[in-house]
Amino acid sequence: MGSWLTVSIRVAYNARRITRLQSARQHGARQHSALAQPQACRIARTSDPYVLLAPHLEQMRTSLLTLLGSSHPSLNAIAQYYFLHPSKQLRPLLVLLFARATNGLGADFPQVNWAADNARAHQQELDAPLTRKDILCDWNPSMPDHTASFQTAFELHIPPPNSSSYIPPPPPPPPLPHSQVLTHTLLPTQLRLAQIVEMIHVASLLHDDVLDKSSLRRGAPSAPAAFGNKLAVLGGDFLLGRASAALSRLGSHEVVELIASVIANLVEGEILQMKGSGTETPPSPSSAIDLNDLHSSPSSDKWSIYLKKTYLKTASLMAKGARAAVVLGGCREGEVWKEVAYAYGRNLGIAFQLIDDTLDFSSSTAQLGKPGFADLRLGLATGPALYAAEEFPELEAMIERRFSRDGDVETALTLISSSRGVERTRELARLHAEKAREVLALLPRSEARDALEGLTEGVVKRRW
């Protein structure tokens, strides 16, 4: 069954490549005409997403460190700890890329763009500290003029009659016919959403490193190793609190619901991982390759649990973050742009985690700050182990007992290395990445779309 599945996946993948090549030949004349246009009129096919958004990513990181300020030195240090180390910033990158790739397409974009241009008071609110000095009195040393210190008794401030710090914007212009033209702009709310998404991601890293007893993160001591487990947990909670406050200011109930559900998904995914194998009835064999039924074998329940856990812990934040960015760009219910963002983020996120699981068996993982074979030592059966079990049934018992006996990790490693588990997991990742790339065909051509296409290839080929 394993060899048949591999061959089928390869045939389907090659067929799609041939179809694309034939389509390119049929439209060769049109492509030649496009190449004849002036250089300024063409869009580079290999847009580097990090180069494209470098100023925005740097601005996001700088202002984020300011927003995270706390009056407690230890909490302040741990909240900013992972932000001070270089990272891929993949999740905020997806938010900003989809914002650029879809702003102007949604029916309500003229309204949200007008609000961003005219509502200066709203911009001030977005940039204000994430606590109210008149209620919580939370001292932020990074913003001393906007927060209340506890060094003196709190003074009662009575506002003058009929005064307000809020300056209402002028009335909106009458709606105009919508032309669905990309603007290549980013709204302040979308930039803040990118920060919120990264805050939630880092909070999950703090908590995961405690649960997994990780000693390294990106080649440096992990937060639990540097500060202790208690402060690491509290630091993650603090970040989630800051993210929730910032989320409430975006002005979209739909976005609040999307991102709040991500936090629940992260918890659900962790519990699912802790439970180990499930008890679902395996699906019946099928001759069709279906992403929802790829593993028609006795361990199909484990595959279902594994892929669901992968979505909850990794892909959910990417998928819902990208969708939320499109919502903030004025996409209405029923418009396809939200669905494109979610489908892309979900498939790319699963591909990303599948590749990450193969890197656990790479000889270079220790040099990258990830202890080799960490998943096996934690008792986790990821894609390579599940595929290897189809070739070596003796692995099934080790997976069931979560590699808990002496010698299980070493034996499992030998069997996985002798199998095609890593290779087949990479093939599955390529299949998900290809699905992510396909949905982008619904978006108009732009540098942002090209960058999103490039990410689908980069995620699969990465060795970090």
# chains A, B, ... in the order shown; residues from 1 in each chain; ligands from 1
$ residues_around --residues "Leu64 in chain A" --least-positions-apart "3" --cutoff "12 Å" --atoms "only C-alpha atoms" --output "PyMOL selection string"
chain A and resi 56-61+67-69+79-80+83-84+126-130+142+191-199+239+242-243+246
$ residues_around --residues "range 434-440 of chain A" --least-positions-apart "5" --cutoff "10 Å" --atoms "only C-alpha atoms" --output "number ranges by chain"
A: 13, 16, 101, 291, 337, 339-349, 351, 428-429, 445, 449-450, 452-457, 460
$ write_last_selection --atoms "N, CA, C and O atoms" --output "mmCIF file, in the first residue's frame"
data_model
loop_
_atom_site.group_PDB
_atom_site.id
_atom_site.type_symbol
_atom_site.label_atom_id
_atom_site.label_comp_id
_atom_site.auth_asym_id
_atom_site.auth_seq_id
_atom_site.Cartn_x
_atom_site.Cartn_y
_atom_site.Cartn_z
ATOM 1 N N TYR A 13 1.497 14.394 -9.083
ATOM 2 C CA TYR A 13 2.329 15.607 -9.041
ATOM 3 C C TYR A 13 2.951 15.890 -10.402
ATOM 4 O O TYR A 13 2.941 17.016 -10.889
ATOM 5 N N ARG A 16 0.433 17.258 -12.950
ATOM 6 C CA ARG A 16 0.161 18.682 -12.813
ATOM 7 C C ARG A 16 1.292 19.516 -13.408
ATOM 8 O O ARG A 16 1.071 20.549 -14.020
ATOM 9 N N ALA A 101 -1.722 41.521 -1.157
ATOM 10 C CA ALA A 101 -2.223 40.788 -2.314
ATOM 11 C C ALA A 101 -3.727 40.953 -2.523
ATOM 12 O O ALA A 101 -4.238 40.638 -3.602
ATOM 13 N N LEU A 291 -6.570 14.532 0.140
ATOM 14 C CA LEU A 291 -5.850 15.060 1.294
ATOM 15 C C LEU A 291 -6.539 14.698 2.601
ATOM 16 O O LEU A 291 -5.913 14.657 3.653
ATOM 17 N N TRP A 337 -11.895 35.998 -1.468
ATOM 18 C CA TRP A 337 -10.540 36.306 -1.015
ATOM 19 C C TRP A 337 -10.255 35.738 0.373
ATOM 20 O O TRP A 337 -9.129 35.297 0.650
ATOM 21 N N GLU A 339 -11.505 33.010 1.594
ATOM 22 C CA GLU A 339 -11.341 31.566 1.453
ATOM 23 C C GLU A 339 -9.961 31.231 0.888
ATOM 24 O O GLU A 339 -9.343 30.230 1.269
ATOM 25 N N VAL A 340 -9.474 32.054 -0.036
ATOM 26 C CA VAL A 340 -8.138 31.848 -0.597
ATOM 27 C C VAL A 340 -7.089 31.957 0.506
ATOM 28 O O VAL A 340 -6.176 31.127 0.615
ATOM 29 N N ALA A 341 -7.209 32.987 1.332
ATOM 30 C CA ALA A 341 -6.234 33.197 2.401
ATOM 31 C C ALA A 341 -6.225 32.027 3.378
ATOM 32 O O ALA A 341 -5.162 31.535 3.775
ATOM 33 N N TYR A 342 -7.412 31.560 3.761
ATOM 34 C CA TYR A 342 -7.489 30.456 4.722
ATOM 35 C C TYR A 342 -6.931 29.166 4.123
ATOM 36 O O TYR A 342 -6.144 28.456 4.761
ATOM 37 N N ALA A 343 -7.337 28.840 2.888
ATOM 38 C CA ALA A 343 -6.871 27.610 2.259
ATOM 39 C C ALA A 343 -5.359 27.619 2.086
ATOM 40 O O ALA A 343 -4.683 26.612 2.320
ATOM 41 N N TYR A 344 -4.829 28.759 1.663
ATOM 42 C CA TYR A 344 -3.380 28.867 1.492
ATOM 43 C C TYR A 344 -2.674 28.674 2.838
ATOM 44 O O TYR A 344 -1.737 27.876 2.957
ATOM 45 N N GLY A 345 -3.099 29.422 3.856
ATOM 46 C CA GLY A 345 -2.443 29.337 5.152
ATOM 47 C C GLY A 345 -2.537 27.962 5.771
ATOM 48 O O GLY A 345 -1.580 27.478 6.398
ATOM 49 N N ARG A 346 -3.672 27.305 5.593
ATOM 50 C CA ARG A 346 -3.841 25.970 6.171
ATOM 51 C C ARG A 346 -2.900 24.968 5.506
ATOM 52 O O ARG A 346 -2.203 24.202 6.182
ATOM 53 N N ASN A 347 -2.860 24.963 4.179
ATOM 54 C CA ASN A 347 -2.000 24.019 3.472
ATOM 55 C C ASN A 347 -0.521 24.333 3.675
ATOM 56 O O ASN A 347 0.291 23.429 3.862
ATOM 57 N N LEU A 348 -0.167 25.622 3.630
ATOM 58 C CA LEU A 348 1.229 25.977 3.834
ATOM 59 C C LEU A 348 1.671 25.640 5.253
ATOM 60 O O LEU A 348 2.794 25.174 5.471
ATOM 61 N N GLY A 349 0.802 25.877 6.228
ATOM 62 C CA GLY A 349 1.144 25.573 7.611
ATOM 63 C C GLY A 349 1.385 24.098 7.843
ATOM 64 O O GLY A 349 2.326 23.715 8.556
ATOM 65 N N ALA A 351 2.304 21.936 5.493
ATOM 66 C CA ALA A 351 3.553 21.622 4.800
ATOM 67 C C ALA A 351 4.757 22.053 5.633
ATOM 68 O O ALA A 351 5.753 21.326 5.732
ATOM 69 N N LEU A 428 4.595 14.338 1.024
ATOM 70 C CA LEU A 428 3.299 14.802 1.524
ATOM 71 C C LEU A 428 3.315 16.312 1.729
ATOM 72 O O LEU A 428 2.336 17.008 1.427
ATOM 73 N N ALA A 429 4.431 16.835 2.222
ATOM 74 C CA ALA A 429 4.559 18.285 2.393
ATOM 75 C C ALA A 429 4.477 18.988 1.044
ATOM 76 O O ALA A 429 3.835 20.034 0.911
ATOM 77 N N ARG A 445 -2.370 39.050 -10.423
ATOM 78 C CA ARG A 445 -0.914 39.063 -10.362
ATOM 79 C C ARG A 445 -0.417 40.294 -9.623
ATOM 80 O O ARG A 445 -0.907 41.402 -9.813
ATOM 81 N N ARG A 449 1.616 38.340 -4.578
ATOM 82 C CA ARG A 449 1.215 36.992 -4.968
ATOM 83 C C ARG A 449 2.417 36.167 -5.400
ATOM 84 O O ARG A 449 2.519 34.974 -5.082
ATOM 85 N N ASP A 450 3.334 36.779 -6.129
ATOM 86 C CA ASP A 450 4.551 36.067 -6.522
ATOM 87 C C ASP A 450 5.352 35.637 -5.297
ATOM 88 O O ASP A 450 5.924 34.545 -5.268
ATOM 89 N N LEU A 452 4.128 34.990 -2.334
ATOM 90 C CA LEU A 452 3.390 33.879 -1.725
ATOM 91 C C LEU A 452 3.645 32.577 -2.475
ATOM 92 O O LEU A 452 3.772 31.505 -1.868
ATOM 93 N N GLU A 453 3.712 32.655 -3.805
ATOM 94 C CA GLU A 453 4.038 31.468 -4.587
ATOM 95 C C GLU A 453 5.442 30.968 -4.254
ATOM 96 O O GLU A 453 5.677 29.764 -4.122
ATOM 97 N N GLY A 454 6.380 31.907 -4.128
ATOM 98 C CA GLY A 454 7.740 31.521 -3.788
ATOM 99 C C GLY A 454 7.842 30.860 -2.430
ATOM 100 O O GLY A 454 8.657 29.944 -2.228
ATOM 101 N N LEU A 455 7.001 31.275 -1.487
ATOM 102 C CA LEU A 455 7.022 30.673 -0.157
ATOM 103 C C LEU A 455 6.646 29.200 -0.192
ATOM 104 O O LEU A 455 7.172 28.400 0.590
ATOM 105 N N THR A 456 5.729 28.835 -1.090
ATOM 106 C CA THR A 456 5.315 27.429 -1.155
ATOM 107 C C THR A 456 6.485 26.532 -1.535
ATOM 108 O O THR A 456 6.561 25.375 -1.106
ATOM 109 N N GLU A 457 7.382 27.044 -2.352
ATOM 110 C CA GLU A 457 8.577 26.282 -2.711
ATOM 111 C C GLU A 457 9.629 26.370 -1.637
ATOM 112 O O GLU A 457 10.282 25.372 -1.294
ATOM 113 N N VAL A 460 9.128 24.046 1.482
ATOM 114 C CA VAL A 460 9.415 22.628 1.274
ATOM 115 C C VAL A 460 10.914 22.367 1.150
ATOM 116 O O VAL A 460 11.415 21.338 1.614
#
$ residues_around --residues "Ala260 in chain A" --least-positions-apart "6" --cutoff "10 Å" --atoms "only C-alpha atoms" --output "list of chain:residue names"
A:Ile200, A:Leu240, A:Ala243, A:Ser244, A:Leu247, A:Glu254, A:Lys320
$ write_last_selection --atoms "N, CA and C atoms" --output "PDB file, in the first residue's frame"
ATOM      1  N   ILE A 200       1.199  35.937  19.726  1.00  0.00           N
ATOM      2  CA  ILE A 200       0.571  34.657  20.061  1.00  0.00           C
ATOM      3  C   ILE A 200       1.525  33.514  19.768  1.00  0.00           C
ATOM      4  N   LEU A 240      -0.142  36.747  25.847  1.00  0.00           N
ATOM      5  CA  LEU A 240      -1.517  36.512  25.411  1.00  0.00           C
ATOM      6  C   LEU A 240      -2.440  37.623  25.903  1.00  0.00           C
ATOM      7  N   ALA A 243      -1.747  40.605  23.684  1.00  0.00           N
ATOM      8  CA  ALA A 243      -2.318  40.358  22.357  1.00  0.00           C
ATOM      9  C   ALA A 243      -3.834  40.530  22.373  1.00  0.00           C
ATOM     10  N   SER A 244      -4.482  40.084  23.434  1.00  0.00           N
ATOM     11  CA  SER A 244      -5.937  40.216  23.527  1.00  0.00           C
ATOM     12  C   SER A 244      -6.359  41.680  23.598  1.00  0.00           C
ATOM     13  N   LEU A 247      -5.915  43.140  20.190  1.00  0.00           N
ATOM     14  CA  LEU A 247      -6.912  42.573  19.279  1.00  0.00           C
ATOM     15  C   LEU A 247      -8.244  43.294  19.390  1.00  0.00           C
ATOM     16  N   GLU A 254     -15.358  39.896  13.665  1.00  0.00           N
ATOM     17  CA  GLU A 254     -14.972  38.677  12.964  1.00  0.00           C
ATOM     18  C   GLU A 254     -13.498  38.360  13.197  1.00  0.00           C
ATOM     19  N   LYS A 320      -5.772  31.371   9.908  1.00  0.00           N
ATOM     20  CA  LYS A 320      -6.707  32.361  10.426  1.00  0.00           C
ATOM     21  C   LYS A 320      -6.092  33.752  10.482  1.00  0.00           C
TER      22      LYS A 320
END
$ residues_around --residues "Val210 in chain A" --least-positions-apart "5" --cutoff "8 Å" --atoms "only C-alpha atoms" --output "PyMOL selection string"
chain A and resi 224+229+232-233
$ residues_around --residues "Gly269 in chain A" --least-positions-apart "5" --cutoff "10 Å" --atoms "only C-alpha atoms" --output "ChimeraX atom specification"
/A:264,274-275,305-306,308-314,316
$ write_last_selection --atoms "N, CA, C and O atoms" --output "tab-separated table (two decimals), in the first residue's frame"
chain	number	residue	atom	x	y	z
A	264	ALA	N	-7.49	28.99	21.40
A	264	ALA	CA	-8.12	27.73	21.79
A	264	ALA	C	-7.54	26.56	21.01
A	264	ALA	O	-7.33	25.47	21.56
A	274	MET	N	-0.63	15.33	23.72
A	274	MET	CA	-0.38	14.64	24.98
A	274	MET	C	-1.11	13.31	25.06
A	274	MET	O	-0.62	12.35	25.66
A	275	LYS	N	-2.28	13.23	24.44
A	275	LYS	CA	-3.07	12.01	24.51
A	275	LYS	C	-2.47	10.89	23.67
A	275	LYS	O	-2.73	9.72	23.92
A	305	ILE	N	-5.09	11.82	13.74
A	305	ILE	CA	-4.73	12.58	14.94
A	305	ILE	C	-3.52	13.47	14.66
A	305	ILE	O	-3.47	14.65	15.05
A	306	TYR	N	-2.54	12.92	13.99
A	306	TYR	CA	-1.30	13.65	13.70
A	306	TYR	C	-1.56	14.88	12.84
A	306	TYR	O	-1.09	15.99	13.13
A	308	LYS	N	-4.45	16.42	12.36
A	308	LYS	CA	-5.31	17.36	13.08
A	308	LYS	C	-4.49	18.16	14.08
A	308	LYS	O	-4.65	19.38	14.20
A	309	LYS	N	-3.60	17.46	14.79
A	309	LYS	CA	-2.73	18.15	15.74
A	309	LYS	C	-1.82	19.16	15.03
A	309	LYS	O	-1.57	20.27	15.53
A	310	THR	N	-1.35	18.78	13.84
A	310	THR	CA	-0.50	19.68	13.05
A	310	THR	C	-1.25	20.95	12.67
A	310	THR	O	-0.70	22.05	12.73
A	311	TYR	N	-2.52	20.79	12.29
A	311	TYR	CA	-3.31	21.98	11.97
A	311	TYR	C	-3.50	22.85	13.22
A	311	TYR	O	-3.29	24.06	13.18
A	312	LEU	N	-3.91	22.24	14.33
A	312	LEU	CA	-4.24	23.01	15.52
A	312	LEU	C	-3.01	23.75	16.07
A	312	LEU	O	-3.11	24.92	16.46
A	313	LYS	N	-1.86	23.10	16.09
A	313	LYS	CA	-0.68	23.69	16.72
A	313	LYS	C	0.11	24.62	15.80
A	313	LYS	O	0.83	25.49	16.27
A	314	THR	N	0.01	24.41	14.49
A	314	THR	CA	0.85	25.19	13.58
A	314	THR	C	0.05	25.92	12.52
A	314	THR	O	0.17	27.14	12.36
A	316	SER	N	-3.20	26.53	12.10
A	316	SER	CA	-4.35	27.36	12.46
A	316	SER	C	-3.98	28.83	12.53
A	316	SER	O	-4.69	29.70	12.00
$ atom_distance --atom1 "CA of Ser362 in chain A" --atom2 "CA of Gly219 in chain A"
15.5 Å
$ select_by_dssp --residues "range 330-425 of chain A" --states "alpha helix (DSSP H)" --output "count of residues only"
60
$ atom_distance --atom1 "CA of Pro188 in chain A" --atom2 "CA of Ile259 in chain A"
17.2 Å
$ closest_residue --among "A:Val336, A:Leu186, A:Val326, A:Ala115" --to "Leu442 in chain A" --atoms "only C-alpha atoms"
A:Val336
$ residues_around --residues "Arg420 in chain A" --least-positions-apart "3" --cutoff "12 Å" --atoms "only C-alpha atoms" --output "list in words"
Gly2, Ser3, Thr6, Thr358, Gly383, Pro384, Ala385, Leu386, Tyr387, Ala388, Ala389, Glu390, Glu391, Phe392, Thr414, Leu415, Ile416, Ser417, Glu423, Arg424, Thr425, Arg426 and Glu427 of chain A
$ atom_distance --atom1 "CA of Leu187 in chain A" --atom2 "CA of Ala325 in chain A"
9.4 Å
